[in-house]
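*Asks:* Okay, here's the structure, questions in a sec.
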Amino acid sequence: MKDILQELETRRADARMGGGQKRIDAQHARGKLTARERVELLLDEGSFEEYDMFVTHRCTDFGMEKNRPAGDGVVTGWGTINGRMVYVFSQDFTVLGGSVSATHAMKICKIMDMAMQNGAPVIGINDSGGARIQEGVDSLAGYGEVFQRNIMASGVVPQISVIMGPCAGGAVYSPAMTDFIFMVKDSSYMFVTGPDVVKTVTNEHVTAEELGGATTHTRKSSVADGAFENDVEALAEVRRLVDFLPLNNRQPAPVRPFFDDVDRLEESLDTLVPENANTPYDMKELILKLADEGDFYEIQEDFAKNIITGFIRLEGQTVGVVANQPMVLAGVLDIDSARKAARFVRFCDCFGIPILTLVDVPGFLPGTSQEYNGVIKHGAKLLFAYGEATVPKVTVITRKSYGGAYVVMASKHLRADVNYAWPTSEIAVMGAKGATEIIHRADLGDEDKIAAHAKEYEDRFANPFVAAERGFIDEVIQPRSTRKRVARAFAALRSKKQEMPWKKHDNIPL
Ligand code: HXC
């Protein structure tokens, strides 16, 4: 009996060593943690329940039958983050480069199936040389099985990908279909074809970091949602994010204890909007002053900064925030900002997270570049996402809300539940200058007349009251009381139920 127990411990110890000390040292020398160290940091201490530690591949080609490491290059199981269950897989680069064999994929599929069945998020830590070359199509089939599960799990349980090493070729498409992708600066990259192929095909000389590093994907491509300095920081931030999210689409997000007065008045907000309508101000200040304890988890912070997306809590409840940022491009809507916000709105809607929209938008960005690249379709994504969202929606207009962008930004007409406006709001088809130049074209050149017309237009429309007279704005509120008003609005909406007409699924403009 003792021998059997001893054998188990020996086998476990062997599996825990992955590809051996030399390769573990090499992993550390690159500033990377091992697959197991990452799981330990991600999960609550001692909470990890491992599965399939002794699984080995079945390949007999290219001498592989002599090299069958226990675990087959991926550590899988479940554990807790602040007491809440998550499933996790963590690819072990020290074992055959973390490459994906049929059995490696099978391990991942097993925990994804359990996650869907038991209603808990899946967190995938990616560090892999891609398809196990020795296995050929068996490996590709394994990827296909994972992809299909990514699709089935989408909107059922949150899926989070953390890229902590290579992720190349078709392998990128599994993270691409998850809800959030986080990367580590200088030690992770994602691309469909690497620098050598790029050089051969397009004659572009580019490093792996330039082509698909964390900075590229958080600033240029928007493939990734956040970039962190090292593994430790990335895993700590994933834990912070999970705290905001529900475990699945049938459960509400967790309610955290809060120590911030919900009636807190912020007098400084009364002067947040500058006197001059063209002077920018920082919308993040409003978000931080609204949030419980000023805690804001920003998503895609470095991309399309003219719109801000992220999570706060109000009375301990998670709220998704979408806010125009007047500091960047005057907060205009364009292709990138519309795409960024649309995806965020859809995430919130499928996981029952209420949406707060803070509006200061001068309209859509004009230009050939925008039109040629399809701003019509991309702008429509945000419009569609807001219109189809059935979660509680509260909107606050702080200043400009012009034209089509007024309708898009969670207006009453897209079934927003409570629409507030600050007294500084201007809700109109366009700004006074542009409007005057169109409707008083005959007076162009006569500065006095144009100024008088602009003043007349401003007096009529550069305020929230016309919209309030129509009921499109439910109430004009004091800026200082915004936290209280918004929190009460969401409190009143906690039992909201809204149905969509039956359909197989919609056809959002992609
Ligand atoms: C089998 C692999 C492997 C792979 C790496 N290894 N990738 N084994 N299949 N795909 C093994 C190496 O043989 C080596 O084994 C160990 O992992 C570490 O690899 P190194 O090359 O020494 O490490 P490094 O110098 O850091 O380079 C890492 C790397 C490189 C850039 C990932 O290994 C590489 O280019 N690998 C091949 C990548 C690739 O072409 N994959 C297929 C992509 S297509 P030892 O025993 O020496 O430690 C794809 C399609 C997916 O993935 C399709 C889905 C539909």
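Residue numbers start at 1 in each chain; chains themselves are named A, B, ... in the order of the structure tokens; ligands are numbered from 1 in the order shown.
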Which residues sit within 10 Å of ligand 1, counting only C-alpha atoms and all ligand atoms, listed as number ranges by chain?
*Replies:* A: 19-20, 22-23, 26-27, 30, 67, 73, 92-101, 127-137, 139-147, 165-174, 189, 192-194, 208
*Asks:* Would you give me, as a Markdown table, each residue of segment 416-507 of chain A having an atom within 12 Å of an atom of segment 379-386 of chain A, along with its shortest atom pair and that distance in Å to one decimal, using only C-alpha atoms and sorting by chain and residue number?
*Replies:*
| residue | atom | partner | partner_atom | distance |
| --- | --- | --- | --- | --- |
| A:Ala416 | CA | A:Tyr386 | CA | 8.3 |
| A:Asp417 | CA | A:Tyr386 | CA | 11.6 |
| A:Asp506 | CA | A:Phe384 | CA | 9.7 |
| A:Asn507 | CA | A:Phe384 | CA | 9.5 |
*Asks:* Given the choices A:Met283, A:Ile123, A:Met114, A:Leu358, which gets closest to Leu241 of chain A if the distance is worked out from only C-alpha atoms?
*Replies:*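 The answer is A:Ile123, which sits nearest to Leu241 of chain A.
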*Asks:* Quick one: DSSP strand (DSSP E) residues in segment 84-205 of chain A, as a VMD selection string?
*Replies:* chain A and resid 84 to 91 122 to 126 159 to 163 166 to 168 180 to 184 189 to 191
*Asks:* Can I get the selected residues back with C-alpha atoms, as an mmCIF file, in the first residue's frame?
*Replies:*
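Result file is part_5.cif:
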data_model
loop_
_atom_site.group_PDB
_atom_site.id
_atom_site.type_symbol
_atom_site.label_atom_id
_atom_site.label_comp_id
_atom_site.auth_asym_id
_atom_site.auth_seq_id
_atom_site.Cartn_x
_atom_site.Cartn_y
_atom_site.Cartn_z
ATOM 1 C CA ARG A 84 -15.687 32.221 -6.928
ATOM 2 C CA MET A 85 -15.160 29.266 -9.228
ATOM 3 C CA VAL A 86 -13.251 29.480 -12.524
ATOM 4 C CA TYR A 87 -11.908 26.841 -14.890
ATOM 5 C CA VAL A 88 -8.392 27.306 -16.126
ATOM 6 C CA PHE A 89 -5.934 25.913 -18.626
ATOM 7 C CA SER A 90 -2.311 26.944 -18.708
ATOM 8 C CA GLN A 91 -0.034 25.842 -21.539
ATOM 9 C CA VAL A 122 -12.852 29.852 -18.525
ATOM 10 C CA ILE A 123 -9.440 31.453 -18.240
ATOM 11 C CA GLY A 124 -6.896 30.293 -20.814
ATOM 12 C CA ILE A 125 -3.202 31.029 -20.341
ATOM 13 C CA ASN A 126 -1.538 30.739 -23.745
ATOM 14 C CA GLN A 159 -13.955 33.563 -21.472
ATOM 15 C CA ILE A 160 -10.668 35.306 -20.769
ATOM 16 C CA SER A 161 -7.388 34.723 -22.628
ATOM 17 C CA VAL A 162 -4.024 35.662 -21.244
ATOM 18 C CA ILE A 163 -1.210 35.543 -23.793
ATOM 19 C CA PRO A 166 3.937 32.690 -28.472
ATOM 20 C CA CYS A 167 0.462 32.390 -29.977
ATOM 21 C CA ALA A 168 0.745 32.106 -33.722
ATOM 22 C CA PHE A 180 -11.082 39.508 -23.305
ATOM 23 C CA ILE A 181 -7.453 39.114 -24.311
ATOM 24 C CA PHE A 182 -4.613 40.310 -22.103
ATOM 25 C CA MET A 183 -0.958 40.295 -23.109
ATOM 26 C CA VAL A 184 2.383 40.689 -21.396
ATOM 27 C CA TYR A 189 3.033 37.867 -29.314
ATOM 28 C CA MET A 190 0.120 36.951 -31.537
ATOM 29 C CA PHE A 191 0.096 36.817 -35.315
#
*Asks:* State, in Å with one decimal place, the distance from atom CA of Asp349 of chain A to atom CA of Arg219 of chain A.
*Replies:*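 Between these atoms lies a distance of 25.3 Å.
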*Asks:* Could you tell me which of A:Val375, A:Met409, A:Ile438, A:Ala102 comes closest to Ile355 of chain A if we count only C-alpha atoms?
*Replies:* A:Met409
*Asks:* Using only C-alpha atoms, which protein or nucleic acid residues come within 10 Å of segment 265-269 of chain A? Drop anything in the same chain fewer than 2 positions from it, and give the result as a CSV table (one decimal) with all heavy atoms, in the first residue's frame.
*Replies:*
chain,number,residue,atom,x,y,z
A,261,ASP,N,-20.7,56.3,0.3
A,261,ASP,CA,-22.0,56.8,0.4
A,261,ASP,C,-22.7,56.9,-0.9
A,261,ASP,O,-22.2,57.7,-1.8
A,261,ASP,CB,-22.0,58.2,1.2
A,261,ASP,CG,-23.4,58.7,1.4
A,261,ASP,OD1,-24.3,58.0,1.1
A,261,ASP,OD2,-23.4,59.9,1.9
A,262,VAL,N,-23.8,56.3,-1.1
A,262,VAL,CA,-24.4,56.3,-2.4
A,262,VAL,C,-25.0,57.7,-2.7
A,262,VAL,O,-25.2,58.1,-3.9
A,262,VAL,CB,-25.5,55.2,-2.6
A,262,VAL,CG1,-26.7,55.5,-1.7
A,262,VAL,CG2,-25.9,55.0,-4.0
A,263,ASP,N,-25.3,58.5,-1.7
A,263,ASP,CA,-25.8,59.9,-1.8
A,263,ASP,C,-24.7,60.9,-1.9
A,263,ASP,O,-25.0,62.1,-1.9
A,263,ASP,CB,-26.7,60.2,-0.6
A,263,ASP,CG,-28.0,59.4,-0.6
A,263,ASP,OD1,-28.4,58.9,-1.7
A,263,ASP,OD2,-28.6,59.2,0.5
A,271,THR,N,-18.6,72.2,-12.0
A,271,THR,CA,-17.7,73.0,-12.8
A,271,THR,C,-16.8,72.1,-13.7
A,271,THR,O,-15.8,72.6,-14.3
A,271,THR,CB,-16.8,73.9,-12.0
A,271,THR,OG1,-16.1,73.0,-11.0
A,271,THR,CG2,-17.6,75.0,-11.3
A,272,LEU,N,-17.2,70.8,-13.9
A,272,LEU,CA,-16.4,70.0,-14.8
A,272,LEU,C,-16.4,70.4,-16.2
A,272,LEU,O,-15.4,70.5,-16.9
A,272,LEU,CB,-16.9,68.5,-14.6
A,272,LEU,CG,-16.1,67.5,-15.5
A,272,LEU,CD1,-14.6,67.3,-15.0
A,272,LEU,CD2,-16.8,66.1,-15.5
A,273,VAL,N,-17.6,70.8,-16.7
A,273,VAL,CA,-17.8,71.2,-18.1
A,273,VAL,C,-17.3,72.7,-18.1
A,273,VAL,O,-17.9,73.5,-17.5
A,273,VAL,CB,-19.2,71.0,-18.5
A,273,VAL,CG1,-19.4,71.7,-19.9
A,273,VAL,CG2,-19.6,69.6,-18.5
A,285,GLU,N,-12.6,61.8,-15.1
A,285,GLU,CA,-12.9,62.4,-13.7
A,285,GLU,C,-14.3,62.1,-13.3
A,285,GLU,O,-14.6,61.7,-12.1
A,285,GLU,CB,-12.6,63.9,-13.8
A,285,GLU,CG,-12.6,64.5,-12.5
A,285,GLU,CD,-12.3,66.0,-12.5
A,285,GLU,OE1,-11.6,66.5,-13.4
A,285,GLU,OE2,-12.8,66.7,-11.6
A,286,LEU,N,-15.3,62.2,-14.2
A,286,LEU,CA,-16.7,61.9,-13.9
A,286,LEU,C,-16.8,60.5,-13.5
A,286,LEU,O,-17.5,60.1,-12.5
A,286,LEU,CB,-17.6,62.3,-15.1
A,286,LEU,CG,-19.0,61.9,-14.9
A,286,LEU,CD1,-19.7,62.5,-13.7
A,286,LEU,CD2,-19.8,62.4,-16.2
A,289,LYS,N,-15.5,59.8,-10.1
A,289,LYS,CA,-16.3,60.4,-9.1
A,289,LYS,C,-17.6,59.7,-8.9
A,289,LYS,O,-18.2,59.8,-7.8
A,289,LYS,CB,-16.4,61.9,-9.3
A,289,LYS,CG,-15.1,62.6,-9.0
A,289,LYS,CD,-15.1,64.1,-9.2
A,289,LYS,CE,-13.8,64.6,-8.6
A,289,LYS,NZ,-13.6,66.0,-9.1
A,290,LEU,N,-18.1,59.0,-9.9
A,290,LEU,CA,-19.4,58.3,-9.8
A,290,LEU,C,-19.2,56.9,-9.1
A,290,LEU,O,-20.0,56.5,-8.4
A,290,LEU,CB,-19.9,58.0,-11.2
A,290,LEU,CG,-20.5,59.1,-12.0
A,290,LEU,CD1,-21.0,58.5,-13.4
A,290,LEU,CD2,-21.7,59.6,-11.3
A,478,GLN,N,-28.6,68.1,-11.5
A,478,GLN,CA,-27.4,68.8,-11.1
A,478,GLN,C,-26.2,67.9,-11.2
A,478,GLN,O,-26.3,66.8,-10.7
A,478,GLN,CB,-27.6,69.2,-9.6
A,478,GLN,CG,-28.7,70.2,-9.2
A,478,GLN,CD,-28.3,71.6,-9.7
A,478,GLN,OE1,-27.3,71.8,-10.3
A,478,GLN,NE2,-29.3,72.5,-9.5
A,479,PRO,N,-25.2,68.4,-11.8
A,479,PRO,CA,-24.0,67.5,-12.0
A,479,PRO,C,-23.5,66.9,-10.7
A,479,PRO,O,-23.2,65.7,-10.6
A,479,PRO,CB,-22.9,68.4,-12.6
A,479,PRO,CG,-23.7,69.5,-13.3
A,479,PRO,CD,-25.0,69.6,-12.6
A,480,ARG,N,-23.6,67.7,-9.6
A,480,ARG,CA,-23.1,67.2,-8.3
A,480,ARG,C,-23.8,65.9,-7.8
A,480,ARG,O,-23.3,65.1,-7.1
A,480,ARG,CB,-23.1,68.3,-7.3
A,480,ARG,CG,-24.5,68.5,-6.8
A,480,ARG,CD,-24.6,69.6,-5.8
A,480,ARG,NE,-24.5,70.9,-6.4
A,480,ARG,CZ,-24.6,72.1,-5.8
A,480,ARG,NH1,-24.9,72.1,-4.5
A,480,ARG,NH2,-24.6,73.2,-6.4
A,481,SER,N,-25.1,65.8,-8.3
A,481,SER,CA,-25.9,64.7,-7.7
A,481,SER,C,-25.9,63.5,-8.6
A,481,SER,O,-26.7,62.5,-8.4
A,481,SER,CB,-27.4,65.2,-7.6
A,481,SER,OG,-27.9,65.4,-8.8
A,482,THR,N,-25.0,63.4,-9.6
A,482,THR,CA,-25.1,62.4,-10.6
A,482,THR,C,-24.9,61.0,-10.0
A,482,THR,O,-25.7,60.1,-10.4
A,482,THR,CB,-24.0,62.6,-11.7
A,482,THR,OG1,-24.1,64.0,-12.2
A,482,THR,CG2,-24.1,61.7,-12.9
A,483,ARG,N,-24.0,60.8,-9.1
A,483,ARG,CA,-23.8,59.4,-8.5
A,483,ARG,C,-25.2,59.0,-7.9
A,483,ARG,O,-25.6,57.8,-8.2
A,483,ARG,CB,-22.7,59.5,-7.5
A,483,ARG,CG,-22.6,58.2,-6.7
A,483,ARG,CD,-21.4,58.2,-5.8
A,483,ARG,NE,-21.5,57.2,-4.7
A,483,ARG,CZ,-21.3,55.9,-4.7
A,483,ARG,NH1,-20.8,55.4,-5.8
A,483,ARG,NH2,-21.4,55.2,-3.6
A,484,LYS,N,-25.8,59.8,-7.1
A,484,LYS,CA,-27.0,59.5,-6.4
A,484,LYS,C,-28.1,59.2,-7.4
A,484,LYS,O,-28.8,58.1,-7.3
A,484,LYS,CB,-27.4,60.6,-5.5
A,484,LYS,CG,-28.7,60.5,-4.8
A,484,LYS,CD,-28.9,61.7,-4.0
A,484,LYS,CE,-30.3,61.8,-3.6
A,484,LYS,NZ,-30.6,63.0,-2.8
*Asks:* For the structure I just gave you, how does DSSP split segment 268-451 of chain A - specifically, which residues are alpha helix (DSSP H)? Reply as a ChimeraX atom specification.
*Replies:* /A:283-290,335-350,368-372,375-388,403-408,432-439,447-451
*Asks:* Between A:Ile299, A:Ala435, A:Val39, A:Val328, which residue has the minimum interatomic distance to Ser222 of chain A, considering only C-alpha atoms?
*Replies:*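 Using only C-alpha atoms, Ser222 of chain A sits closest to A:Ile299.
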*Asks:* Counting only C-alpha atoms, which residue out of A:Ala341, A:Glu204, A:Val255, A:Ala70 sits closest to Thr10 of chain A?
*Replies:*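 Closest to Thr10 of chain A of all the choices is A:Ala70.
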*Asks:* Kindly give the distance, in Å, that separates atom CA of Val55 of chain A and atom CA of Asp113 of chain A, rounded to a single decimal.
*Replies:* 17.4 Å
*Asks:* Using only C-alpha atoms, can you tell me which of A:Glu447, A:Asp196, A:Asn373, A:Val319 comes closest to Ala253 of chain A?
*Replies:*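 Smallest distance to Ala253 of chain A is found for A:Val319.
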*Asks:* Counting only C-alpha atoms, which of A:Met64, A:Lys107, A:Tyr281, A:Ile81 gets nearest to Glu50 of chain A?
*Replies:*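 Nearest to Glu50 of chain A: A:Lys107.
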